[in-house]
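Participant: Input file: my_file30.txt. Contents: compact mmCIF, C-alpha atoms.
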# COMPACT_ATOMS: atom_id res chain seq x y z
CA MET A 1 0.00 0.00 0.00
CA ARG A 2 1.17 3.51 -0.83
CA GLY A 3 2.88 5.62 1.84
CA TYR A 4 0.74 8.01 3.91
CA LEU A 5 1.46 11.59 2.76
CA PRO A 6 1.29 13.30 6.17
CA ASP A 7 4.21 11.07 7.26
CA TYR A 8 6.48 12.96 4.89
CA THR A 9 7.79 16.48 4.60
CA PHE A 10 9.33 17.62 1.35
CA GLU A 11 11.22 20.85 0.87
CA SER A 12 13.22 22.34 -1.94
CA ALA A 13 16.75 23.55 -1.37
CA ASN A 14 17.68 26.56 -3.47
CA SER A 15 21.39 26.54 -2.67
CA LEU A 16 23.93 23.81 -2.05
CA LYS A 17 24.89 25.44 1.24
CA LYS A 18 21.31 25.29 2.48
CA ALA A 19 20.92 21.72 1.24
CA LEU A 20 24.00 20.61 3.17
CA SER A 21 22.75 22.16 6.41
CA PHE A 22 19.38 20.42 5.92
CA CYS A 23 21.22 17.12 5.42
CA GLU A 24 23.24 17.75 8.56
CA ALA A 25 19.93 18.20 10.39
CA GLY A 26 18.74 14.80 9.18
CA ALA A 27 16.89 15.45 5.91
CA LYS A 28 17.27 12.79 3.22
CA PRO A 29 18.18 13.84 -0.32
CA PHE A 30 15.69 13.19 -3.13
CA ALA A 31 16.85 13.62 -6.75
CA GLY A 32 15.14 11.91 -9.71
CA GLY A 33 12.85 9.79 -7.56
CA THR A 34 13.01 6.73 -9.80
CA ASP A 35 13.95 4.52 -6.83
CA LEU A 36 12.40 6.39 -3.90
CA MET A 37 8.95 6.85 -5.47
CA VAL A 38 8.78 3.12 -6.16
CA LEU A 39 9.41 2.51 -2.45
CA PHE A 40 6.79 5.15 -1.58
CA GLU A 41 4.25 3.41 -3.79
CA ALA A 42 4.94 0.12 -2.02
CA GLY A 43 4.62 1.78 1.41
CA LEU A 44 8.29 1.04 2.09
CA LEU A 45 9.77 4.55 2.03
CA ALA A 46 10.89 5.52 5.53
CA PRO A 47 8.73 8.39 6.85
CA GLY A 48 10.54 11.64 7.58
CA LYS A 49 12.08 14.73 6.08
CA TYR A 50 13.04 14.66 2.43
CA LEU A 51 14.92 17.33 0.57
CA ASP A 52 14.44 18.06 -3.11
CA ILE A 53 17.97 18.52 -4.45
CA SER A 54 16.93 18.36 -8.11
CA ARG A 55 17.34 22.08 -8.68
CA LEU A 56 20.88 22.47 -7.32
CA LYS A 57 22.95 23.74 -10.21
CA GLU A 58 26.19 22.93 -8.35
CA LEU A 59 25.38 19.23 -8.81
CA LYS A 60 24.56 19.49 -12.51
CA GLY A 61 26.48 19.27 -15.74
CA ILE A 62 29.21 17.36 -17.50
CA LYS A 63 32.58 19.11 -17.51
CA ASN A 64 35.23 18.12 -19.99
CA SER A 65 38.91 18.92 -19.96
CA LYS A 66 41.83 17.19 -21.64
CA THR A 67 42.79 15.33 -18.49
CA GLN A 68 39.49 14.85 -16.70
CA VAL A 69 35.77 14.43 -17.17
CA THR A 70 33.50 15.35 -14.27
CA LEU A 71 29.87 14.31 -14.07
CA GLY A 72 27.71 16.23 -11.60
CA ALA A 73 25.66 13.94 -9.35
CA LEU A 74 22.42 15.11 -10.97
CA THR A 75 23.54 14.12 -14.47
CA THR A 76 20.75 12.00 -15.94
CA TYR A 77 21.10 8.85 -18.05
CA SER A 78 19.64 10.76 -20.99
CA GLN A 79 22.31 13.44 -20.68
CA ILE A 80 24.99 10.76 -20.65
CA ARG A 81 23.66 8.73 -23.58
CA ASN A 82 23.31 11.90 -25.67
CA HIS A 83 26.77 13.28 -24.84
CA LEU A 84 28.97 12.67 -27.88
CA ILE A 85 32.38 13.13 -26.27
CA LEU A 86 31.59 11.21 -23.12
CA THR A 87 30.12 8.22 -24.93
CA LYS A 88 33.16 8.12 -27.20
CA GLN A 89 35.65 8.24 -24.34
CA PHE A 90 33.67 5.94 -22.05
CA PRO A 91 31.41 3.83 -24.28
CA ILE A 92 30.25 1.59 -21.43
CA LEU A 93 28.61 4.54 -19.65
CA GLY A 94 26.62 5.39 -22.78
CA LEU A 95 25.57 1.79 -23.38
CA ALA A 96 24.56 1.27 -19.75
CA SER A 97 22.52 4.52 -19.77
CA ARG A 98 20.55 3.34 -22.80
CA GLU A 99 19.51 0.21 -20.93
CA VAL A 100 18.34 1.73 -17.66
CA GLY A 101 14.54 1.43 -17.53
CA ALA A 102 13.22 3.23 -20.59
CA LEU A 103 13.32 6.85 -21.81
CA ALA A 104 11.04 8.30 -19.11
CA ILE A 105 13.27 6.75 -16.42
CA GLN A 106 16.44 7.83 -18.23
CA ASN A 107 15.15 11.42 -18.26
CA ARG A 108 14.77 11.44 -14.47
CA GLY A 109 17.22 8.97 -12.96
CA THR A 110 20.57 10.43 -11.92
CA ILE A 111 24.05 9.00 -11.67
CA GLY A 112 24.36 10.22 -8.07
CA GLY A 113 21.13 8.45 -7.16
CA ASN A 114 22.17 5.25 -8.91
CA ILE A 115 25.35 5.22 -6.83
CA ALA A 116 23.95 6.39 -3.48
CA ASN A 117 20.92 4.09 -3.61
CA ALA A 118 23.54 1.33 -3.72
CA SER A 119 21.43 -1.41 -5.27
CA PRO A 120 23.58 -4.43 -6.16
CA ALA A 121 21.71 -4.40 -9.49
CA ALA A 122 22.52 -0.75 -10.32
CA ASP A 123 23.66 -0.42 -13.93
CA PHE A 124 26.32 2.24 -13.48
CA PRO A 125 28.83 0.87 -10.96
CA PRO A 126 30.50 -1.83 -13.14
CA GLY A 127 31.43 0.78 -15.76
CA LEU A 128 32.73 3.19 -13.15
CA LEU A 129 34.82 0.40 -11.63
CA VAL A 130 36.58 -0.56 -14.86
CA TYR A 131 37.26 3.09 -15.71
CA ASP A 132 38.82 3.65 -12.25
CA ALA A 133 36.46 6.51 -11.42
CA LYS A 134 36.77 8.76 -8.41
CA ILE A 135 33.84 10.06 -6.40
CA GLN A 136 33.54 13.41 -4.66
CA LEU A 137 31.39 13.71 -1.52
CA ILE A 138 30.46 17.05 -0.01
CA SER A 139 29.26 18.18 3.43
CA THR A 140 29.41 21.40 5.46
CA LYS A 141 32.89 20.22 6.51
CA GLY A 142 34.20 20.20 2.96
CA ILE A 143 34.78 17.86 0.03
CA ARG A 144 36.43 14.45 0.16
CA THR A 145 37.48 12.40 -2.83
CA LEU A 146 37.53 8.60 -2.80
CA ASP A 147 38.43 5.93 -5.30
CA TYR A 148 35.03 4.70 -6.46
CA ASN A 149 36.29 1.20 -5.76
CA ARG A 150 36.22 2.04 -2.04
CA PHE A 151 32.75 3.60 -1.96
CA HIS A 152 30.53 0.53 -1.70
CA LEU A 153 31.12 -1.31 1.57
CA GLY A 154 28.49 -4.05 1.47
CA TYR A 155 24.85 -4.69 0.65
CA LYS A 156 23.28 -1.18 0.57
CA LYS A 157 26.20 0.08 2.67
CA THR A 158 28.37 2.91 1.40
CA GLU A 159 30.94 5.42 2.58
CA LEU A 160 28.32 8.20 2.30
CA ARG A 161 27.57 9.78 5.69
CA GLN A 162 24.12 11.14 6.59
CA ASP A 163 25.39 14.72 6.32
CA GLU A 164 26.99 14.21 2.90
CA LEU A 165 25.80 14.44 -0.68
CA VAL A 166 27.40 12.90 -3.73
CA LEU A 167 28.86 15.92 -5.52
CA SER A 168 30.31 14.36 -8.65
CA VAL A 169 32.12 11.49 -10.28
CA SER A 170 35.34 12.04 -12.19
CA LEU A 171 37.10 9.95 -14.78
CA LYS A 172 40.36 10.17 -16.70
CA PRO A 173 39.98 9.84 -20.48
CA GLU A 174 42.82 7.37 -20.99
CA PHE A 175 41.11 4.42 -22.62
CA GLN A 176 41.21 5.29 -26.32
CA LYS A 177 43.26 2.21 -27.14
CA TYR A 178 41.04 -0.17 -25.26
CA HIS A 179 38.28 -2.49 -26.41
CA HIS A 180 35.11 -1.67 -24.45
CA PHE A 181 32.39 -4.19 -23.65
CA TRP A 182 29.02 -3.98 -21.88
CA ARG A 183 26.38 -6.62 -21.47
CA LYS A 184 23.25 -6.52 -19.36
CA VAL A 185 21.15 -9.65 -18.98
CA GLY A 186 17.52 -9.23 -17.94
CA ASN A 187 14.06 -10.49 -18.84
CA ARG A 188 13.69 -7.97 -21.65
CA ARG A 189 15.69 -5.18 -23.27
CA ALA A 190 13.90 -2.34 -21.49
CA GLN A 191 12.48 -1.89 -17.98
CA ALA A 192 14.47 -4.86 -16.74
CA ILE A 193 16.44 -5.19 -13.56
CA SER A 194 19.59 -7.14 -14.32
CA LYS A 195 20.18 -10.78 -13.49
CA THR A 196 23.84 -10.18 -14.24
CA MET A 197 25.79 -7.49 -16.04
CA MET A 198 29.37 -7.06 -17.07
CA ALA A 199 31.64 -4.17 -17.97
CA GLY A 200 35.02 -4.97 -19.46
CA ILE A 201 37.91 -3.13 -21.08
CA ALA A 202 41.07 -4.61 -22.54
CA LYS A 203 44.19 -3.54 -24.37
CA THR A 204 46.00 -6.08 -26.51
CA THR A 205 49.11 -6.20 -28.64
CA LYS A 206 49.70 -9.07 -31.02
CA LYS A 207 46.88 -11.13 -29.50
CA THR A 208 48.37 -10.80 -26.02
CA ILE A 209 46.47 -9.07 -23.26
CA GLN A 210 48.40 -6.06 -21.94
CA ASP A 211 45.78 -4.72 -19.59
CA ILE A 212 42.31 -5.98 -18.71
CA ARG A 213 39.64 -4.85 -16.28
CA ILE A 214 36.42 -6.69 -15.60
CA ALA A 215 33.53 -5.83 -13.26
CA PHE A 216 30.22 -7.56 -12.68
CA GLY A 217 27.00 -6.33 -11.08
CA SER A 218 23.94 -8.17 -9.70
CA VAL A 219 26.08 -11.14 -8.71
CA GLY A 220 27.19 -10.09 -5.23
CA PRO A 221 26.31 -7.59 -2.48
CA THR A 222 27.96 -4.82 -4.51
CA ALA A 223 29.31 -4.53 -8.03
CA ALA A 224 32.92 -5.70 -7.96
CA ARG A 225 36.08 -5.99 -10.01
CA CYS A 226 37.20 -9.52 -10.85
CA TYR A 227 40.80 -9.45 -9.72
CA HIS A 228 41.40 -13.23 -9.92
CA VAL A 229 40.34 -13.33 -13.55
CA GLU A 230 42.16 -10.10 -14.40
CA SER A 231 45.51 -11.14 -12.95
CA PHE A 232 45.26 -14.56 -14.60
CA LEU A 233 44.63 -13.01 -18.02
CA LYS A 234 47.24 -10.26 -17.93
CA GLY A 235 50.10 -11.08 -20.28
CA LYS A 236 48.30 -14.14 -21.65
CA ALA A 237 47.35 -14.95 -25.21
CA ILE A 238 43.67 -15.08 -26.11
CA ASN A 239 43.04 -18.73 -26.88
CA THR A 240 40.45 -21.35 -26.07
CA GLN A 241 42.36 -22.80 -23.15
CA ASN A 242 42.91 -19.45 -21.43
CA ILE A 243 39.31 -18.44 -21.99
CA GLN A 244 38.10 -21.70 -20.41
CA GLU A 245 40.40 -21.20 -17.43
CA ALA A 246 39.23 -17.61 -16.99
CA LYS A 247 35.62 -18.80 -16.98
CA GLN A 248 36.39 -21.33 -14.24
CA LEU A 249 38.22 -18.71 -12.19
CA LEU A 250 35.24 -16.35 -12.32
CA SER A 251 33.56 -18.30 -9.51
CA LYS A 252 36.28 -16.96 -7.20
CA ASP A 253 35.32 -13.36 -8.02
CA ILE A 254 31.52 -13.39 -8.13
CA HIS A 255 29.08 -14.88 -5.63
CA PRO A 256 25.61 -14.87 -7.15
CA ILE A 257 22.62 -15.86 -5.04
CA ASP A 258 19.07 -17.11 -5.66
CA ASP A 259 16.49 -14.33 -5.48
CA ILE A 260 13.23 -13.24 -7.13
CA ARG A 261 14.96 -12.47 -10.41
CA SER A 262 17.13 -15.51 -10.95
CA THR A 263 19.12 -18.33 -9.39
CA GLY A 264 22.75 -18.34 -8.37
CA LYS A 265 23.45 -21.25 -10.70
CA TYR A 266 21.97 -19.54 -13.74
CA ARG A 267 23.72 -16.28 -12.94
CA LEU A 268 27.14 -17.91 -12.65
CA ARG A 269 26.70 -19.83 -15.90
CA VAL A 270 25.49 -16.81 -17.84
CA SER A 271 28.19 -14.59 -16.34
CA GLN A 272 30.82 -17.09 -17.51
CA ASN A 273 29.32 -17.05 -20.98
CA VAL A 274 29.24 -13.25 -21.05
CA LEU A 275 32.91 -13.22 -20.03
CA GLU A 276 33.64 -15.58 -22.92
CA GLU A 277 31.76 -13.29 -25.31
CA PHE A 278 33.94 -10.39 -24.17
CA LEU A 279 37.20 -12.34 -24.46
CA CYS A 280 36.35 -13.71 -27.90
CA GLY A 281 35.70 -10.16 -29.07
CA ILE A 282 39.01 -8.60 -28.03
CA GLY A 283 41.35 -10.66 -30.17
CA MET B 1 -0.02 21.94 1.89
CA LYS B 2 1.79 24.22 -0.48
CA LYS B 3 0.80 26.42 -3.36
CA ILE B 4 2.07 24.84 -6.57
CA THR B 5 2.09 26.73 -9.87
CA LEU B 6 2.06 24.76 -13.10
CA THR B 7 1.57 25.58 -16.75
CA VAL B 8 -0.72 22.77 -17.87
CA ASN B 9 -1.33 22.45 -21.61
CA GLY B 10 -0.37 26.09 -22.03
CA LYS B 11 -2.54 27.44 -19.22
CA LYS B 12 -1.01 28.75 -16.00
CA ILE B 13 -2.74 27.44 -12.88
CA SER B 14 -2.15 27.21 -9.13
CA VAL B 15 -3.22 24.38 -6.86
CA GLN B 16 -2.84 23.58 -3.18
CA ALA B 17 -1.16 20.23 -2.74
CA HIS B 18 1.06 18.25 -0.40
CA PRO B 19 4.54 18.78 -1.86
CA PHE B 20 5.14 15.01 -1.89
CA ALA B 21 1.82 14.24 -3.67
CA ARG B 22 2.32 12.46 -6.96
CA LEU B 23 2.05 14.71 -10.01
CA LEU B 24 -0.29 12.03 -11.40
CA ASP B 25 -2.78 12.54 -8.56
CA VAL B 26 -2.63 16.33 -8.85
CA ILE B 27 -3.35 16.08 -12.57
CA ARG B 28 -6.19 13.58 -12.23
CA GLU B 29 -7.81 14.63 -8.96
CA GLY B 30 -6.72 18.23 -8.41
CA LEU B 31 -7.10 19.36 -12.03
CA GLU B 32 -9.66 16.75 -13.07
CA LEU B 33 -7.71 15.93 -16.20
CA THR B 34 -8.44 12.22 -16.24
CA GLY B 35 -6.94 11.49 -19.65
CA THR B 36 -3.66 10.58 -17.94
CA LYS B 37 -4.06 7.05 -16.55
CA GLU B 38 -2.58 5.15 -13.66
CA GLY B 39 -1.35 1.66 -14.49
CA CYS B 40 1.35 0.19 -12.30
CA GLY B 41 2.18 3.21 -10.16
CA GLU B 42 5.87 2.33 -10.20
CA GLY B 43 7.32 3.58 -13.47
CA GLU B 44 7.03 0.32 -15.40
CA CYS B 45 4.02 0.75 -17.68
CA GLY B 46 4.02 4.34 -18.99
CA ALA B 47 0.24 4.85 -18.74
CA CYS B 48 0.84 8.01 -16.69
CA SER B 49 3.34 9.55 -19.17
CA VAL B 50 3.32 13.34 -19.44
CA LEU B 51 5.85 15.85 -20.75
CA LEU B 52 7.52 17.89 -18.01
CA ASP B 53 9.24 20.91 -19.54
CA GLY B 54 9.19 18.94 -22.80
CA GLU B 55 10.75 15.79 -21.33
CA LEU B 56 8.93 12.46 -21.14
CA VAL B 57 8.36 11.42 -17.51
CA ASN B 58 6.23 8.97 -15.53
CA SER B 59 3.95 11.28 -13.55
CA CYS B 60 3.53 8.59 -10.87
CA LEU B 61 7.22 9.01 -9.99
CA VAL B 62 7.27 12.81 -9.74
CA PRO B 63 6.41 14.51 -6.44
CA VAL B 64 4.50 17.63 -7.40
CA LEU B 65 7.00 19.98 -5.72
CA GLN B 66 9.53 18.96 -8.37
CA ALA B 67 7.12 20.15 -11.07
CA ASN B 68 6.51 23.53 -9.40
CA GLY B 69 6.96 26.33 -11.95
CA LYS B 70 7.26 23.90 -14.86
CA ALA B 71 5.23 23.22 -18.00
CA ILE B 72 3.21 20.03 -18.31
CA LEU B 73 1.67 18.53 -21.41
CA THR B 74 -1.02 15.90 -20.90
CA VAL B 75 -2.97 14.02 -23.55
CA GLU B 76 -5.71 16.68 -23.33
CA GLY B 77 -3.18 19.21 -24.60
CA LEU B 78 -2.42 17.35 -27.83
CA SER B 79 -5.60 18.35 -29.64
CA LYS B 80 -6.75 21.91 -30.08
CA LYS B 81 -9.91 22.22 -32.21
CA SER B 82 -9.58 18.81 -33.78
CA LEU B 83 -7.49 15.73 -33.10
CA CYS B 84 -3.75 16.03 -33.76
CA PRO B 85 -2.16 14.00 -36.62
CA LEU B 86 -0.91 11.38 -34.16
CA GLN B 87 -4.36 10.82 -32.69
CA LYS B 88 -5.92 10.60 -36.16
CA SER B 89 -3.30 8.09 -37.20
CA PHE B 90 -3.88 5.96 -34.07
CA MET B 91 -7.58 5.84 -35.01
CA LYS B 92 -6.91 5.00 -38.62
CA CYS B 93 -4.30 2.29 -38.01
CA GLY B 94 -5.97 0.64 -35.02
CA GLY B 95 -3.32 1.86 -32.60
CA ALA B 96 -5.85 1.99 -29.77
CA GLN B 97 -7.95 -0.88 -28.51
CA CYS B 98 -9.03 -0.84 -24.85
CA GLY B 99 -7.51 2.62 -24.55
CA ILE B 100 -5.80 2.50 -21.17
CA CYS B 101 -2.29 2.74 -22.58
CA THR B 102 -3.25 5.15 -25.37
CA PRO B 103 -2.74 8.51 -23.59
CA GLY B 104 0.74 7.39 -22.51
CA MET B 105 1.51 6.02 -25.97
CA LEU B 106 0.47 9.31 -27.56
CA ILE B 107 2.57 11.38 -25.17
CA ALA B 108 5.63 9.13 -25.61
CA SER B 109 5.14 9.32 -29.40
CA GLN B 110 4.85 13.09 -29.22
CA ALA B 111 8.14 13.23 -27.26
CA LEU B 112 9.80 11.07 -29.93
CA LYS B 113 8.51 13.11 -32.85
CA LYS B 114 9.66 16.34 -31.27
CA LYS B 115 13.22 15.03 -30.92
CA LYS B 116 13.65 13.49 -34.35
CA LYS B 117 11.85 14.05 -37.64
CA ARG B 118 12.48 10.75 -39.38
CA LEU B 119 11.86 7.86 -37.05
CA SER B 120 12.97 4.33 -37.87
CA PRO B 121 10.96 1.40 -36.46
CA LYS B 122 13.92 0.86 -34.11
CA ASP B 123 13.70 4.45 -32.81
CA ILE B 124 9.99 3.96 -32.21
CA ARG B 125 10.45 0.62 -30.46
CA GLU B 126 13.10 2.09 -28.18
CA GLY B 127 11.09 5.26 -27.58
CA LEU B 128 8.01 3.29 -26.57
CA ALA B 129 9.85 0.59 -24.63
CA GLY B 130 8.54 2.05 -21.37
CA ASN B 131 4.89 1.93 -22.49
CA LEU B 132 3.08 -1.35 -22.16
CA CYS B 133 0.04 -2.34 -24.24
CA ARG B 134 -1.75 -5.64 -23.60
CA CYS B 135 -4.15 -5.44 -26.57
CA THR B 136 -2.63 -4.44 -29.86
CA GLY B 137 0.61 -6.39 -30.00
CA TYR B 138 2.36 -3.07 -30.69
CA SER B 139 2.55 -3.41 -34.49
CA GLN B 140 -0.44 -1.12 -35.06
CA ILE B 141 0.94 1.42 -32.60
CA ILE B 142 4.29 1.53 -34.40
CA GLU B 143 2.48 1.80 -37.73
CA SER B 144 0.32 4.63 -36.36
CA ILE B 145 3.40 6.65 -35.51
CA GLN B 146 5.13 5.92 -38.80
CA LYS B 147 2.06 6.99 -40.76
CA SER B 148 1.28 10.09 -38.73
CA GLY B 149 3.19 12.38 -41.05
CA GLY B 150 5.88 14.94 -40.26
CA ARG B 151 5.47 17.42 -37.46
CA THR B 152 2.73 17.09 -34.88
Is it possible to express this structure as structure tokens?

Facilitator:
Amino acid sequence: MRGYLPDYTFESANSLKKALSFCEAGAKPFAGGTDLMVLFEAGLLAPGKYLDISRLKELKGIKNSKTQVTLGALTTYSQIRNHLILTKQFPILGLASREVGALAIQNRGTIGGNIANASPAADFPPGLLVYDAKIQLISTKGIRTLDYNRFHLGYKKTELRQDELVLSVSLKPEFQKYHHFWRKVGNRRAQAISKTMMAGIAKTTKKTIQDIRIAFGSVGPTAARCYHVESFLKGKAINTQNIQEAKQLLSKDIHPIDDIRSTGKYRLRVSQNVLEEFLCGIG
Amino acid sequence: MKKITLTVNGKKISVQAHPFARLLDVIREGLELTGTKEGCGEGECGACSVLLDGELVNSCLVPVLQANGKAILTVEGLSKKSLCPLQKSFMKCGGAQCGICTPGMLIASQALKKKKKRLSPKDIREGLAGNLCRCTGYSQIIESIQKSGGRT
């Protein structure tokens, strides 16, 4: 049953400074609403004070320089998928954005929300992990920058404190020579929550893997890099035997479970096959 | 309660509403514009689609405070004196059957046509991927959009 309106207060913040002091006083940030309104509809959104941060211009926009790309936390999936430079430098982010919900969701959902909501099935984290993104968090005390890899601590647990907002995510455009791969597996192309998903980038010379980064989502409490598979593949040739070994090793990196969307067994098998698809494509 | 100002189908209006009330409920109950439908209530089906400042959104997922000061287009705003080309085409091609999804389909189609003049079937399929229809099998809807002519 839907939440009871009088249980909620909802205010708009017109400056970042004001928003941060509201957060310090216990208000919860509300951006695109594509996750929180679903909880509200189900009667599962915690009652209390919510703060509309959707109008904060300090959290908006994609900034490009030669050495760094910064995405404001309120950047929507539509803005990402339509951004020509960004989708060229970081193809996985563009591909993932196109597969989140459908257009109406992509117009509203934000990258900051996708990260802070911390669903294991979020579509953005695997891409951010392989591109070695950094995340900036802001509070009245100042800004701190973390490796994105360190942000997610466990199921729905993150480094984000109650008094902090996600300010931005930054990436270095240094992957021009890489092969980029993204695959989301769900019940249908649109409006699906993933059963498994994989982001991968690789650089090869003469059929030998120089550098490779692989991250999966929906197959563990948080999206995670696959360090066992990566270190096995580095310096190796792409051949059937190595691909088979990499597939076997994947069970050391991902730990899928049975839930309403799929089974652990299916997820592992499909994840292995997706890994194979990626490896076959990079030679 | 808070005073919310919206420009709905070109007309500026003010309503009193709880700031966390769903835009969908304000449109249907506050403004009595019942063309916009509620299907799933969780952003899956697209029956409640409206344009918010020209962007396609699910009005069931928008608290009305976030729409304050913005322009909204509902299905009622598509036709002026007579039906718009999209609506005529939906009638002609059998794009509507039971009708529950139709307002959302029309609004999503309008959003698509505004962004791009020449739409491929793939563009249309992707653009309508968030709108579910349980009657037509979609082919007639896609045909309706393809045959609705240039600008709407």

Participant: May I have the residues of chain B within 12 Å of chain A, counting all atoms listed in the file, written as a tab-separated table (two decimals) with C-alpha atoms, keeping the file's coordinate frame?

Facilitator:
chain	number	residue	atom	x	y	z
B	1	MET	CA	-0.02	21.94	1.89
B	2	LYS	CA	1.79	24.22	-0.48
B	17	ALA	CA	-1.16	20.23	-2.74
B	18	HIS	CA	1.06	18.25	-0.40
B	19	PRO	CA	4.54	18.78	-1.86
B	20	PHE	CA	5.14	15.01	-1.89
B	21	ALA	CA	1.82	14.24	-3.67
B	22	ARG	CA	2.32	12.46	-6.96
B	23	LEU	CA	2.05	14.71	-10.01
B	40	CYS	CA	1.35	0.19	-12.30
B	41	GLY	CA	2.18	3.21	-10.16
B	42	GLU	CA	5.87	2.33	-10.20
B	43	GLY	CA	7.32	3.58	-13.47
B	44	GLU	CA	7.03	0.32	-15.40
B	45	CYS	CA	4.02	0.75	-17.68
B	46	GLY	CA	4.02	4.34	-18.99
B	47	ALA	CA	0.24	4.85	-18.74
B	48	CYS	CA	0.84	8.01	-16.69
B	49	SER	CA	3.34	9.55	-19.17
B	50	VAL	CA	3.32	13.34	-19.44
B	51	LEU	CA	5.85	15.85	-20.75
B	52	LEU	CA	7.52	17.89	-18.01
B	53	ASP	CA	9.24	20.91	-19.54
B	54	GLY	CA	9.19	18.94	-22.80
B	55	GLU	CA	10.75	15.79	-21.33
B	56	LEU	CA	8.93	12.46	-21.14
B	57	VAL	CA	8.36	11.42	-17.51
B	58	ASN	CA	6.23	8.97	-15.53
B	59	SER	CA	3.95	11.28	-13.55
B	60	CYS	CA	3.53	8.59	-10.87
B	61	LEU	CA	7.22	9.01	-9.99
B	62	VAL	CA	7.27	12.81	-9.74
B	63	PRO	CA	6.41	14.51	-6.44
B	64	VAL	CA	4.50	17.63	-7.40
B	65	LEU	CA	7.00	19.98	-5.72
B	66	GLN	CA	9.53	18.96	-8.37
B	67	ALA	CA	7.12	20.15	-11.07
B	68	ASN	CA	6.51	23.53	-9.40
B	69	GLY	CA	6.96	26.33	-11.95
B	70	LYS	CA	7.26	23.90	-14.86
B	104	GLY	CA	0.74	7.39	-22.51
B	105	MET	CA	1.51	6.02	-25.97
B	107	ILE	CA	2.57	11.38	-25.17
B	108	ALA	CA	5.63	9.13	-25.61
B	109	SER	CA	5.14	9.32	-29.40
B	111	ALA	CA	8.14	13.23	-27.26
B	112	LEU	CA	9.80	11.07	-29.93
B	115	LYS	CA	13.22	15.03	-30.92
B	123	ASP	CA	13.70	4.45	-32.81
B	124	ILE	CA	9.99	3.96	-32.21
B	125	ARG	CA	10.45	0.62	-30.46
B	126	GLU	CA	13.10	2.09	-28.18
B	127	GLY	CA	11.09	5.26	-27.58
B	128	LEU	CA	8.01	3.29	-26.57
B	129	ALA	CA	9.85	0.59	-24.63
B	130	GLY	CA	8.54	2.05	-21.37
B	131	ASN	CA	4.89	1.93	-22.49
B	132	LEU	CA	3.08	-1.35	-22.16

Participant: If you measure from CA of Asn117 (chain A) to CA of Arg213 (chain A), what distance in Å do you get, rounded to one decimal?

Facilitator: 24.3 Å

Participant: Quick one: what's the axis-aligned box for region 11-23 of chain B, all listed atoms, 5 Å on every side, centre and edges in Å to one decimal, as AutoDock Vina command-line options?

Facilitator:
--center_x 1.0 --center_y 20.6 --center_z -9.8 --size_x 18.4 --size_y 26.3 --size_z 28.8

Participant: If we count all atoms listed in the file, what is near region 134-151 of chain B at a cut-off of 6 Å, once residues fewer than 4 positions away on the same chain are taken out, given as a list in words?

Facilitator: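 Once the adjacent positions are removed, what remains is Pro85, Leu86, Ser89, Phe90, Cys93, Gly94 and Gly95 of chain B.
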
Participant: Counting all atoms listed in the file, which residue out of B:Lys80, B:Cys133, B:Gly10, B:Lys113 sits closest to Cys98 (chain B)?

Facilitator: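 Looking only at the distances to Cys98 (chain B), the closest residue turns out to be B:Cys133.
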
Participant: Rounded to one decimal place, report the CA of Val8 (chain B)-CA of Arg28 (chain B) distance in Å.

Facilitator: 12.1 Å

Participant: Of the candidates A:Lys141, A:Lys172, A:Lys177, A:Arg269, which one gets nearest to Thr67 (chain A) if we count only C-alpha atoms?

Facilitator: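 Smallest separation from Thr67 (chain A) among the options: A:Lys172.
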
Participant: Given all atoms listed in the file as the basis, pick out the residue of A:Thr205, A:Gln162, A:Ser170, A:Gln79 nearest to Asp147 (chain A).

Facilitator: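 Residue with the minimum atom-to-atom distance to Asp147 (chain A): A:Ser170.
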
Participant: Go ahead and compute the interatomic distance for CA of Lys92 (chain B) and CA of Ile27 (chain B), in Å to one decimal.

Facilitator: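 Distance reported for this atom pair: 28.5 Å.
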